[in-house]
>>> print(open('model_31.pdb').read())   # PDB, C-alpha atoms
ATOM      1  CA  MET A   1     -16.520 -57.195   6.216  1.00  0.00           C
ATOM      2  CA  LEU A   2     -13.911 -56.990   3.478  1.00  0.00           C
ATOM      3  CA  LEU A   3     -11.261 -58.395   5.812  1.00  0.00           C
ATOM      4  CA  ARG A   4     -13.496 -61.396   6.680  1.00  0.00           C
ATOM      5  CA  ARG A   5     -14.052 -62.058   2.997  1.00  0.00           C
ATOM      6  CA  VAL A   6     -10.312 -61.935   2.277  1.00  0.00           C
ATOM      7  CA  ILE A   7      -9.659 -64.416   5.094  1.00  0.00           C
ATOM      8  CA  GLU A   8     -12.286 -66.778   3.698  1.00  0.00           C
ATOM      9  CA  HIS A   9     -10.754 -66.552   0.218  1.00  0.00           C
ATOM     10  CA  VAL A  10      -7.299 -67.295   1.635  1.00  0.00           C
ATOM     11  CA  LYS A  11      -8.627 -70.308   3.531  1.00  0.00           C
ATOM     12  CA  THR A  12     -10.189 -71.657   0.340  1.00  0.00           C
ATOM     13  CA  GLN A  13      -7.038 -70.674  -1.583  1.00  0.00           C
ATOM     14  CA  ASN A  14      -9.158 -68.676  -4.021  1.00  0.00           C
ATOM     15  CA  TRP A  15      -6.208 -66.535  -5.095  1.00  0.00           C
ATOM     16  CA  THR A  16      -8.110 -64.836  -7.892  1.00  0.00           C
ATOM     17  CA  ALA A  17     -10.651 -63.542  -5.408  1.00  0.00           C
ATOM     18  CA  VAL A  18      -7.851 -62.492  -3.046  1.00  0.00           C
ATOM     19  CA  ALA A  19      -6.223 -60.527  -5.861  1.00  0.00           C
ATOM     20  CA  LEU A  20      -9.522 -58.879  -6.700  1.00  0.00           C
ATOM     21  CA  ASP A  21     -10.065 -57.969  -3.048  1.00  0.00           C
ATOM     22  CA  PHE A  22      -6.575 -56.495  -2.878  1.00  0.00           C
ATOM     23  CA  LEU A  23      -7.197 -54.536  -6.061  1.00  0.00           C
ATOM     24  CA  ILE A  24     -10.461 -53.173  -4.629  1.00  0.00           C
ATOM     25  CA  VAL A  25      -8.610 -52.010  -1.512  1.00  0.00           C
ATOM     26  CA  VAL A  26      -5.842 -50.321  -3.529  1.00  0.00           C
ATOM     27  CA  VAL A  27      -8.299 -48.594  -5.875  1.00  0.00           C
ATOM     28  CA  GLY A  28     -10.417 -47.471  -2.917  1.00  0.00           C
ATOM     29  CA  VAL A  29      -7.418 -45.983  -1.133  1.00  0.00           C
ATOM     30  CA  PHE A  30      -6.251 -44.291  -4.339  1.00  0.00           C
ATOM     31  CA  ILE A  31      -9.674 -42.770  -4.987  1.00  0.00           C
ATOM     32  CA  GLY A  32      -9.916 -41.642  -1.377  1.00  0.00           C
ATOM     33  CA  ILE A  33      -6.544 -39.908  -1.588  1.00  0.00           C
ATOM     34  CA  GLN A  34      -7.459 -38.280  -4.903  1.00  0.00           C
ATOM     35  CA  VAL A  35     -10.771 -37.019  -3.538  1.00  0.00           C
ATOM     36  CA  SER A  36      -8.990 -35.651  -0.458  1.00  0.00           C
ATOM     37  CA  ASN A  37      -6.382 -33.944  -2.641  1.00  0.00           C
ATOM     38  CA  TRP A  38      -9.098 -32.508  -4.867  1.00  0.00           C
ATOM     39  CA  ASN A  39     -10.975 -31.163  -1.844  1.00  0.00           C
ATOM     40  CA  ASP A  40      -7.774 -29.642  -0.446  1.00  0.00           C
ATOM     41  CA  ALA A  41      -6.951 -28.042  -3.794  1.00  0.00           C
ATOM     42  CA  ARG A  42     -10.495 -26.709  -4.153  1.00  0.00           C
ATOM     43  CA  SER A  43     -10.392 -25.283  -0.628  1.00  0.00           C
ATOM     44  CA  GLU A  44      -7.005 -23.673  -1.329  1.00  0.00           C
ATOM     45  CA  ARG A  45      -8.257 -22.109  -4.580  1.00  0.00           C
ATOM     46  CA  MET A  46     -11.287 -20.725  -2.749  1.00  0.00           C
ATOM     47  CA  SER A  47      -8.984 -19.241  -0.099  1.00  0.00           C
ATOM     48  CA  GLU A  48      -6.757 -17.802  -2.819  1.00  0.00           C
ATOM     49  CA  ARG A  49      -9.705 -16.114  -4.506  1.00  0.00           C
ATOM     50  CA  ARG A  50     -10.888 -14.669  -1.198  1.00  0.00           C
ATOM     51  CA  TYR A  51      -7.446 -13.254  -0.488  1.00  0.00           C
ATOM     52  CA  LEU A  52      -7.152 -11.854  -4.018  1.00  0.00           C
ATOM     53  CA  VAL A  53     -10.490 -10.056  -3.651  1.00  0.00           C
ATOM     54  CA  GLU A  54      -9.360  -8.561  -0.333  1.00  0.00           C
ATOM     55  CA  LEU A  55      -5.965  -7.580  -1.752  1.00  0.00           C
ATOM     56  CA  GLN A  56      -7.747  -5.892  -4.646  1.00  0.00           C
ATOM     57  CA  ARG A  57      -9.842  -3.839  -2.232  1.00  0.00           C
ATOM     58  CA  ASP A  58      -6.800  -2.923  -0.134  1.00  0.00           C
ATOM     59  CA  LEU A  59      -4.847  -1.727  -3.174  1.00  0.00           C
ATOM     60  CA  GLU A  60      -7.793   0.284  -4.479  1.00  0.00           C
ATOM     61  CA  ALA A  61      -8.087   1.936  -1.055  1.00  0.00           C
ATOM     62  CA  ASP A  62      -4.351   2.741  -1.055  1.00  0.00           C
ATOM     63  CA  ILE A  63      -4.565   4.323  -4.503  1.00  0.00           C
ATOM     64  CA  SER A  64      -7.580   6.433  -3.521  1.00  0.00           C
ATOM     65  CA  ALA A  65      -5.842   7.592  -0.331  1.00  0.00           C
ATOM     66  CA  MET A  66      -2.695   8.559  -2.239  1.00  0.00           C
ATOM     67  CA  GLU A  67      -4.723  10.483  -4.824  1.00  0.00           C
ATOM     68  CA  ARG A  68      -6.442  12.443  -2.044  1.00  0.00           C
ATOM     69  CA  GLY A  69      -3.085  13.121  -0.437  1.00  0.00           C
ATOM     70  CA  PHE A  70      -1.667  14.649  -3.596  1.00  0.00           C
ATOM     71  CA  GLY A  71      -4.025  17.616  -3.213  1.00  0.00           C
ATOM     72  CA  SER A  72      -2.833  18.457   0.287  1.00  0.00           C
ATOM     73  CA  THR A  73       0.855  18.215  -0.576  1.00  0.00           C
ATOM     74  CA  ARG A  74       0.409  20.244  -3.772  1.00  0.00           C
ATOM     75  CA  THR A  75      -1.247  22.964  -1.700  1.00  0.00           C
ATOM     76  CA  ARG A  76       1.814  23.132   0.543  1.00  0.00           C
ATOM     77  CA  LEU A  77       4.130  23.136  -2.464  1.00  0.00           C
ATOM     78  CA  ALA A  78       2.164  25.929  -4.156  1.00  0.00           C
ATOM     79  CA  THR A  79       2.312  28.025  -0.978  1.00  0.00           C
ATOM     80  CA  SER A  80       6.061  27.630  -0.583  1.00  0.00           C
ATOM     81  CA  GLU A  81       6.724  28.443  -4.249  1.00  0.00           C
ATOM     82  CA  LEU A  82       4.578  31.592  -4.151  1.00  0.00           C
ATOM     83  CA  ILE A  83       6.542  32.812  -1.138  1.00  0.00           C
ATOM     84  CA  LEU A  84       9.922  31.898  -2.636  1.00  0.00           C
ATOM     85  CA  ALA A  85       9.080  33.480  -5.984  1.00  0.00           C
ATOM     86  CA  ALA A  86       8.603  36.805  -4.196  1.00  0.00           C
ATOM     87  CA  VAL A  87      11.412  36.560  -1.645  1.00  0.00           C
ATOM     88  CA  ASP A  88      14.108  34.661  -3.529  1.00  0.00           C
ATOM     89  CA  PRO A  89      13.441  34.721  -7.305  1.00  0.00           C
ATOM     90  CA  ASP A  90      16.697  32.831  -7.977  1.00  0.00           C
ATOM     91  CA  TYR A  91      15.676  29.918  -5.804  1.00  0.00           C
ATOM     92  CA  GLU A  92      15.292  26.718  -7.845  1.00  0.00           C
ATOM     93  CA  ARG A  93      13.987  23.266  -7.049  1.00  0.00           C
ATOM     94  CA  ALA A  94      16.698  20.721  -6.437  1.00  0.00           C
ATOM     95  CA  ALA A  95      17.203  19.068  -9.840  1.00  0.00           C
ATOM     96  CA  PHE A  96      17.674  15.591  -8.365  1.00  0.00           C
ATOM     97  CA  LEU A  97      14.131  15.669  -6.982  1.00  0.00           C
ATOM     98  CA  GLY A  98      12.695  15.440 -10.491  1.00  0.00           C
ATOM     99  CA  ASP A  99       9.621  17.050 -11.992  1.00  0.00           C
ATOM    100  CA  VAL A 100       6.261  17.138 -10.253  1.00  0.00           C
ATOM    101  CA  GLU A 101       3.315  15.662 -12.128  1.00  0.00           C
ATOM    102  CA  GLY A 102       0.125  17.709 -12.335  1.00  0.00           C
ATOM    103  CA  GLU A 103      -0.714  21.364 -11.792  1.00  0.00           C
ATOM    104  CA  VAL A 104       0.567  23.105  -8.668  1.00  0.00           C
ATOM    105  CA  VAL A 105      -1.771  25.955  -7.697  1.00  0.00           C
ATOM    106  CA  LEU A 106      -3.015  27.409  -4.444  1.00  0.00           C
ATOM    107  CA  PRO A 107      -6.696  26.509  -3.951  1.00  0.00           C
ATOM    108  CA  GLU A 108      -8.944  29.546  -3.661  1.00  0.00           C
ATOM    109  CA  ARG A 109     -10.193  28.539  -0.214  1.00  0.00           C
ATOM    110  CA  PHE A 110      -6.662  29.013   1.198  1.00  0.00           C
ATOM    111  CA  GLU A 111      -5.980  32.458  -0.290  1.00  0.00           C
ATOM    112  CA  ASN A 112      -6.827  34.185   2.992  1.00  0.00           C
ATOM    113  CA  HIS A 113      -5.548  31.396   5.235  1.00  0.00           C
ATOM    114  CA  ILE A 114      -2.023  31.010   3.962  1.00  0.00           C
ATOM    115  CA  TYR A 115      -0.604  29.483   7.149  1.00  0.00           C
ATOM    116  CA  ALA A 116      -3.180  26.697   7.016  1.00  0.00           C
ATOM    117  CA  ALA A 117      -2.123  26.097   3.395  1.00  0.00           C
ATOM    118  CA  PHE A 118       1.533  26.110   4.457  1.00  0.00           C
ATOM    119  CA  ALA A 119       0.863  23.380   7.025  1.00  0.00           C
ATOM    120  CA  ASN A 120      -1.259  21.313   4.636  1.00  0.00           C
ATOM    121  CA  THR A 121       0.251  17.920   3.927  1.00  0.00           C
ATOM    122  CA  SER A 122      -0.584  14.229   3.881  1.00  0.00           C
ATOM    123  CA  TYR A 123       0.810  11.005   5.294  1.00  0.00           C
ATOM    124  CA  LEU A 124       0.768   7.459   4.022  1.00  0.00           C
ATOM    125  CA  VAL A 125      -1.911   5.359   5.680  1.00  0.00           C
ATOM    126  CA  GLY A 126      -2.356   2.081   3.836  1.00  0.00           C
ATOM    127  CA  LYS A 127      -4.676  -0.899   3.968  1.00  0.00           C
ATOM    128  CA  ASN A 128      -2.203  -3.724   4.393  1.00  0.00           C
ATOM    129  CA  HIS A 129      -4.352  -5.946   6.629  1.00  0.00           C
ATOM    130  CA  THR A 130      -4.749  -8.741   4.086  1.00  0.00           C
ATOM    131  CA  PHE A 131      -1.076  -8.959   3.188  1.00  0.00           C
ATOM    132  CA  ASP A 132      -0.083  -8.879   6.862  1.00  0.00           C
ATOM    133  CA  GLU A 133      -2.541 -11.704   7.557  1.00  0.00           C
ATOM    134  CA  LEU A 134      -1.037 -13.779   4.733  1.00  0.00           C
ATOM    135  CA  VAL A 135       2.453 -13.288   6.139  1.00  0.00           C
ATOM    136  CA  GLN A 136       1.631 -13.734   9.826  1.00  0.00           C
ATOM    137  CA  THR A 137      -0.462 -16.882   9.289  1.00  0.00           C
ATOM    138  CA  GLY A 138       2.062 -18.420   6.896  1.00  0.00           C
ATOM    139  CA  ASN A 139      -0.576 -18.484   4.152  1.00  0.00           C
ATOM    140  CA  LEU A 140       1.396 -16.494   1.600  1.00  0.00           C
ATOM    141  CA  GLY A 141       1.906 -19.761  -0.293  1.00  0.00           C
ATOM    142  CA  VAL A 142      -1.825 -19.876  -1.076  1.00  0.00           C
ATOM    143  CA  ILE A 143      -1.139 -17.268  -3.791  1.00  0.00           C
ATOM    144  CA  SER A 144      -0.183 -19.528  -6.686  1.00  0.00           C
ATOM    145  CA  ASP A 145       1.343 -16.779  -8.856  1.00  0.00           C
ATOM    146  CA  ARG A 146       4.825 -16.419  -7.376  1.00  0.00           C
ATOM    147  CA  ALA A 147       5.543 -13.335  -9.479  1.00  0.00           C
ATOM    148  CA  LEU A 148       2.525 -11.681  -7.859  1.00  0.00           C
ATOM    149  CA  VAL A 149       3.842 -12.584  -4.405  1.00  0.00           C
ATOM    150  CA  LYS A 150       7.129 -10.865  -5.287  1.00  0.00           C
ATOM    151  CA  THR A 151       5.291  -7.790  -6.596  1.00  0.00           C
ATOM    152  CA  LEU A 152       3.142  -7.521  -3.451  1.00  0.00           C
ATOM    153  CA  THR A 153       6.118  -8.069  -1.133  1.00  0.00           C
ATOM    154  CA  GLU A 154       8.104  -5.294  -2.826  1.00  0.00           C
ATOM    155  CA  TYR A 155       5.138  -2.910  -2.847  1.00  0.00           C
ATOM    156  CA  TYR A 156       4.324  -3.312   0.839  1.00  0.00           C
ATOM    157  CA  SER A 157       7.996  -3.125   1.761  1.00  0.00           C
ATOM    158  CA  ASN A 158       8.328   0.176  -0.133  1.00  0.00           C
ATOM    159  CA  PHE A 159       5.093   1.417   1.454  1.00  0.00           C
ATOM    160  CA  ASP A 160       6.428   0.680   4.933  1.00  0.00           C
ATOM    161  CA  GLY A 161       9.594   2.579   4.032  1.00  0.00           C
ATOM    162  CA  GLY A 162       7.450   5.515   2.933  1.00  0.00           C
ATOM    163  CA  THR A 163       5.625   5.642   6.251  1.00  0.00           C
ATOM    164  CA  LEU A 164       9.008   5.840   7.995  1.00  0.00           C
ATOM    165  CA  ASP A 165      10.005   8.713   5.679  1.00  0.00           C
ATOM    166  CA  ASP A 166       6.861  10.512   6.780  1.00  0.00           C
ATOM    167  CA  GLU A 167       8.395  10.902  10.235  1.00  0.00           C
ATOM    168  CA  ILE A 168      10.844  13.417   8.751  1.00  0.00           C
ATOM    169  CA  ILE A 169       7.957  15.417   7.271  1.00  0.00           C
ATOM    170  CA  ARG A 170       6.055  15.233  10.562  1.00  0.00           C
ATOM    171  CA  ARG A 171       9.029  16.655  12.437  1.00  0.00           C
ATOM    172  CA  HIS A 172       9.294  19.544   9.993  1.00  0.00           C
ATOM    173  CA  LEU A 173       5.573  20.234  10.273  1.00  0.00           C
ATOM    174  CA  ASP A 174       5.844  20.158  14.067  1.00  0.00           C
ATOM    175  CA  ARG A 175       8.629  22.753  13.910  1.00  0.00           C
ATOM    176  CA  THR A 176       6.506  24.890  11.590  1.00  0.00           C
ATOM    177  CA  ILE A 177       3.520  24.804  13.927  1.00  0.00           C
ATOM    178  CA  ASP A 178       5.783  25.493  16.927  1.00  0.00           C
ATOM    179  CA  TYR A 179       7.190  28.521  15.107  1.00  0.00           C
ATOM    180  CA  LEU A 180       3.731  29.887  14.297  1.00  0.00           C
ATOM    181  CA  THR A 181       2.615  29.320  17.870  1.00  0.00           C
ATOM    182  CA  GLU A 182       5.637  31.182  19.228  1.00  0.00           C
ATOM    183  CA  GLN A 183       4.719  34.091  16.929  1.00  0.00           C
ATOM    184  CA  GLY A 184       1.191  34.131  18.278  1.00  0.00           C
ATOM    185  CA  LEU A 185      -0.219  32.756  15.018  1.00  0.00           C
ATOM    186  CA  GLY A 186      -2.761  30.006  14.512  1.00  0.00           C
ATOM    187  CA  LEU A 187      -3.509  27.916  11.424  1.00  0.00           C
ATOM    188  CA  GLY A 188      -7.024  29.336  11.367  1.00  0.00           C
ATOM    189  CA  ASP A 189      -5.860  32.957  11.416  1.00  0.00           C
ATOM    190  CA  GLU A 190      -6.592  35.041   8.360  1.00  0.00           C
ATOM    191  CA  ALA A 191      -3.394  35.780   6.450  1.00  0.00           C
ATOM    192  CA  THR A 192      -2.592  36.331   2.779  1.00  0.00           C
ATOM    193  CA  ILE A 193       0.385  35.330   0.690  1.00  0.00           C
ATOM    194  CA  GLU A 194       1.625  38.925   1.071  1.00  0.00           C
ATOM    195  CA  ASP A 195       1.666  38.462   4.856  1.00  0.00           C
ATOM    196  CA  ALA A 196       3.748  35.311   4.510  1.00  0.00           C
ATOM    197  CA  VAL A 197       6.101  36.974   2.028  1.00  0.00           C
ATOM    198  CA  ALA A 198       6.673  39.878   4.401  1.00  0.00           C
ATOM    199  CA  ARG A 199       7.423  37.460   7.233  1.00  0.00           C
ATOM    200  CA  ALA A 200       9.882  35.480   5.091  1.00  0.00           C
ATOM    201  CA  GLN A 201      11.657  38.707   4.055  1.00  0.00           C
ATOM    202  CA  ASN A 202      12.171  39.713   7.663  1.00  0.00           C
ATOM    203  CA  ASP A 203      12.674  36.371   9.375  1.00  0.00           C
ATOM    204  CA  ALA A 204      15.371  33.964   8.176  1.00  0.00           C
ATOM    205  CA  HIS A 205      13.940  31.212  10.385  1.00  0.00           C
ATOM    206  CA  PHE A 206      10.600  31.344   8.612  1.00  0.00           C
ATOM    207  CA  LEU A 207      12.324  31.513   5.214  1.00  0.00           C
ATOM    208  CA  GLY A 208      14.241  28.367   6.106  1.00  0.00           C
ATOM    209  CA  LEU A 209      10.976  26.623   6.993  1.00  0.00           C
ATOM    210  CA  VAL A 210       9.547  27.673   3.622  1.00  0.00           C
ATOM    211  CA  LYS A 211      12.528  26.266   1.724  1.00  0.00           C
ATOM    212  CA  ALA A 212      12.336  23.021   3.675  1.00  0.00           C
ATOM    213  CA  ALA A 213       8.604  22.782   2.973  1.00  0.00           C
ATOM    214  CA  ASN A 214       9.298  23.226  -0.723  1.00  0.00           C
ATOM    215  CA  PHE A 215      11.909  20.446  -0.691  1.00  0.00           C
ATOM    216  CA  PHE A 216       9.837  18.002   1.343  1.00  0.00           C
ATOM    217  CA  SER A 217       6.695  18.620  -0.714  1.00  0.00           C
ATOM    218  CA  ILE A 218       8.437  17.760  -3.995  1.00  0.00           C
ATOM    219  CA  TRP A 219      10.121  14.753  -2.407  1.00  0.00           C
ATOM    220  CA  GLN A 220       6.828  13.530  -0.963  1.00  0.00           C
ATOM    221  CA  LEU A 221       4.887  14.008  -4.206  1.00  0.00           C
ATOM    222  CA  ASN A 222       7.413  12.083  -6.299  1.00  0.00           C
ATOM    223  CA  ARG A 223       7.811   9.339  -3.729  1.00  0.00           C
ATOM    224  CA  THR A 224       4.049   8.925  -3.438  1.00  0.00           C
ATOM    225  CA  GLN A 225       3.653   8.937  -7.222  1.00  0.00           C
ATOM    226  CA  ALA A 226       6.174   6.097  -7.463  1.00  0.00           C
ATOM    227  CA  LEU A 227       4.250   4.172  -4.800  1.00  0.00           C
ATOM    228  CA  LYS A 228       0.991   4.808  -6.627  1.00  0.00           C
ATOM    229  CA  ASP A 229       2.532   3.428  -9.848  1.00  0.00           C
ATOM    230  CA  ASP A 230       3.600   0.320  -7.909  1.00  0.00           C
ATOM    231  CA  ALA A 231       0.108  -0.024  -6.439  1.00  0.00           C
ATOM    232  CA  LEU A 232      -1.481   0.259  -9.892  1.00  0.00           C
ATOM    233  CA  ALA A 233       0.862  -2.429 -11.238  1.00  0.00           C
ATOM    234  CA  ALA A 234       0.107  -4.719  -8.286  1.00  0.00           C
ATOM    235  CA  LEU A 235      -3.630  -4.094  -8.693  1.00  0.00           C
ATOM    236  CA  ALA A 236      -3.449  -5.018 -12.383  1.00  0.00           C
ATOM    237  CA  ASP A 237      -1.681  -8.286 -11.500  1.00  0.00           C
ATOM    238  CA  VAL A 238      -4.199  -9.115  -8.765  1.00  0.00           C
ATOM    239  CA  SER A 239      -7.124  -8.371 -11.096  1.00  0.00           C
ATOM    240  CA  ALA A 240      -5.602 -10.558 -13.819  1.00  0.00           C
ATOM    241  CA  ASN A 241      -5.233 -13.425 -11.360  1.00  0.00           C
ATOM    242  CA  LEU A 242      -8.848 -13.017 -10.294  1.00  0.00           C
ATOM    243  CA  GLU A 243     -10.019 -13.261 -13.895  1.00  0.00           C
ATOM    244  CA  ASP A 244      -8.138 -16.570 -14.227  1.00  0.00           C
ATOM    245  CA  ARG A 245      -9.835 -18.089 -11.160  1.00  0.00           C
TER     246      ARG A 245
END
>>> encode(input="model_31.pdb", output="structure tokens")
Amino acid sequence: MLLRRVIEHVKTQNWTAVALDFLIVVVGVFIGIQVSNWNDARSERMSERRYLVELQRDLEADISAMERGFGSTRTRLATSELILAAVDPDYERAAFLGDVEGEVVLPERFENHIYAAFANTSYLVGKNHTFDELVQTGNLGVISDRALVKTLTEYYSNFDGGTLDDEIIRRHLDRTIDYLTEQGLGLGDEATIEDAVARAQNDAHFLGLVKAANFFSIWQLNRTQALKDDALAALADVSANLEDR
């Protein structure tokens, strides 16, 4: 209809009307583009908020899992240090491992099941589904805060590295369980710290496993604490971005 009207105006050489028609077309196209851009931006912001909410939940789950894991690893550390204190009083933690945060004590429920305490440890199992989806779908750009993208990328990269480190701890735990099995011992068997001390005094292999457990427990606790600090920082950034949306 507009095209027919323009043709009629050209035939009658009504150039003012032609100019007005042209202006209407240009303004209409401009408004259409702006509305489309606004809709795209609105849709992108909605997607960003959804991803931020999911990232927040994932990070909170990671932090909770790491906090639960601290208890298991501290139990193993406490067991190894009780044994070493009796067998090798001069034994000291490797200084480069750093100090361990929090109290290290043997829980009462393990006092008569020392081998179960000795095999008690945790592994990193994170909730990285949302971040993986952002990367795999190419939607990482939907997060408008580029500093947050960098923080998340570094955190999940370090987390993946931590899960690879866990393979070393798994291998040591496997050797420990193999040793106990060869000795006719089970994790559910009743045994006190005195029983474990006596075994370490008479069996260099077991003493070596105890020293390794001590080393790996400290290493794991400090590594996990560093990851938890990173997760808390990332969570704070995600939460701040959510408040701005």
>>> closest_residue(input="model_31.pdb", among="A:Val149, A:Leu180, A:Leu187, A:Met46", to="Arg199 in chain A", atoms="all atoms listed in the file")
A:Leu180
>>> resolve_selection(input="model_31.pdb", expression="the PyMOL selection byres ((chain A and resi 170) around 12)", output="PyMOL selection string")
chain A and resi 119-124+163-169+171-177+213+216-217+220
>>> write_last_selection(input="model_31.pdb", atoms="C-alpha atoms", output="compact mmCIF listing (two decimals), keeping the file's coordinate frame")
# COMPACT_ATOMS: atom_id res chain seq x y z
CA ALA A 119 0.86 23.38 7.02
CA ASN A 120 -1.26 21.31 4.64
CA THR A 121 0.25 17.92 3.93
CA SER A 122 -0.58 14.23 3.88
CA TYR A 123 0.81 11.00 5.29
CA LEU A 124 0.77 7.46 4.02
CA THR A 163 5.62 5.64 6.25
CA LEU A 164 9.01 5.84 8.00
CA ASP A 165 10.01 8.71 5.68
CA ASP A 166 6.86 10.51 6.78
CA GLU A 167 8.40 10.90 10.24
CA ILE A 168 10.84 13.42 8.75
CA ILE A 169 7.96 15.42 7.27
CA ARG A 171 9.03 16.66 12.44
CA HIS A 172 9.29 19.54 9.99
CA LEU A 173 5.57 20.23 10.27
CA ASP A 174 5.84 20.16 14.07
CA ARG A 175 8.63 22.75 13.91
CA THR A 176 6.51 24.89 11.59
CA ILE A 177 3.52 24.80 13.93
CA ALA A 213 8.60 22.78 2.97
CA PHE A 216 9.84 18.00 1.34
CA SER A 217 6.70 18.62 -0.71
CA GLN A 220 6.83 13.53 -0.96
>>> resolve_selection(input="model_31.pdb", expression="the PyMOL selection byres ((chain A and resi 59) around 12)", output="MDAnalysis selection string")
chainID A and resid 52:58 60:66 125:131 152 155:156 159 227:239
>>> residues_around(input="model_31.pdb", residues="Ala116 in chain A", least_positions_apart="3", cutoff="10 Å", atoms="only C-alpha atoms", output="PyMOL selection string")
chain A and resi 75-76+79+110-113+119-121+177+186-191
>>> axis_aligned_box(input="model_31.pdb", around="range 60-70 of chain A", padding_each_side="4 Å", output="AutoDock Vina command-line options")
--center_x -4.9 --center_y 7.5 --center_z -2.6 --size_x 14.4 --size_y 22.4 --size_z 12.5
>>> residues_around(input="model_31.pdb", residues="Ile143 in chain A", least_positions_apart="6", cutoff="9 Å", atoms="only C-alpha atoms", output="ChimeraX atom specification")
/A:45,47-49,51-52,149
>>> build_atoms(input="model_31.pdb", residues="range 102-107 of chain A", atoms="all heavy atoms", output="mmCIF file, in the coordinates of the input")
data_model
loop_
_atom_site.group_PDB
_atom_site.id
_atom_site.type_symbol
_atom_site.label_atom_id
_atom_site.label_comp_id
_atom_site.auth_asym_id
_atom_site.auth_seq_id
_atom_site.Cartn_x
_atom_site.Cartn_y
_atom_site.Cartn_z
ATOM 1 N N GLY A 102 1.358 17.007 -12.643
ATOM 2 C CA GLY A 102 0.125 17.709 -12.335
ATOM 3 C C GLY A 102 0.336 19.190 -12.034
ATOM 4 O O GLY A 102 1.463 19.656 -11.811
ATOM 5 N N GLU A 103 -0.753 19.924 -12.014
ATOM 6 C CA GLU A 103 -0.714 21.364 -11.792
ATOM 7 C C GLU A 103 -0.518 21.682 -10.318
ATOM 8 O O GLU A 103 -1.088 21.030 -9.455
ATOM 9 C CB GLU A 103 -2.030 21.983 -12.291
ATOM 10 C CG GLU A 103 -2.023 23.494 -12.358
ATOM 11 C CD GLU A 103 -3.318 24.036 -12.941
ATOM 12 O OE1 GLU A 103 -4.277 23.251 -13.085
ATOM 13 O OE2 GLU A 103 -3.357 25.235 -13.240
ATOM 14 N N VAL A 104 0.307 22.682 -10.047
ATOM 15 C CA VAL A 104 0.567 23.105 -8.668
ATOM 16 C C VAL A 104 0.023 24.528 -8.498
ATOM 17 O O VAL A 104 0.641 25.499 -8.945
ATOM 18 C CB VAL A 104 2.076 23.066 -8.347
ATOM 19 C CG1 VAL A 104 2.321 23.554 -6.917
ATOM 20 C CG2 VAL A 104 2.620 21.659 -8.528
ATOM 21 N N VAL A 105 -1.144 24.638 -7.919
ATOM 22 C CA VAL A 105 -1.771 25.955 -7.697
ATOM 23 C C VAL A 105 -2.333 26.008 -6.283
ATOM 24 O O VAL A 105 -2.649 24.978 -5.687
ATOM 25 C CB VAL A 105 -2.913 26.217 -8.714
ATOM 26 C CG1 VAL A 105 -2.371 26.312 -10.125
ATOM 27 C CG2 VAL A 105 -3.981 25.144 -8.619
ATOM 28 N N LEU A 106 -2.445 27.212 -5.773
ATOM 29 C CA LEU A 106 -3.015 27.409 -4.444
ATOM 30 C C LEU A 106 -4.539 27.431 -4.557
ATOM 31 O O LEU A 106 -5.098 28.281 -5.250
ATOM 32 C CB LEU A 106 -2.527 28.730 -3.846
ATOM 33 C CG LEU A 106 -3.052 29.075 -2.446
ATOM 34 C CD1 LEU A 106 -2.524 28.084 -1.425
ATOM 35 C CD2 LEU A 106 -2.665 30.500 -2.079
ATOM 36 N N PRO A 107 -5.229 26.504 -3.894
ATOM 37 C CA PRO A 107 -6.696 26.509 -3.951
ATOM 38 C C PRO A 107 -7.266 27.820 -3.420
ATOM 39 O O PRO A 107 -6.740 28.410 -2.475
ATOM 40 C CB PRO A 107 -7.085 25.325 -3.050
ATOM 41 C CG PRO A 107 -5.880 24.433 -3.058
ATOM 42 C CD PRO A 107 -4.713 25.368 -3.115
#
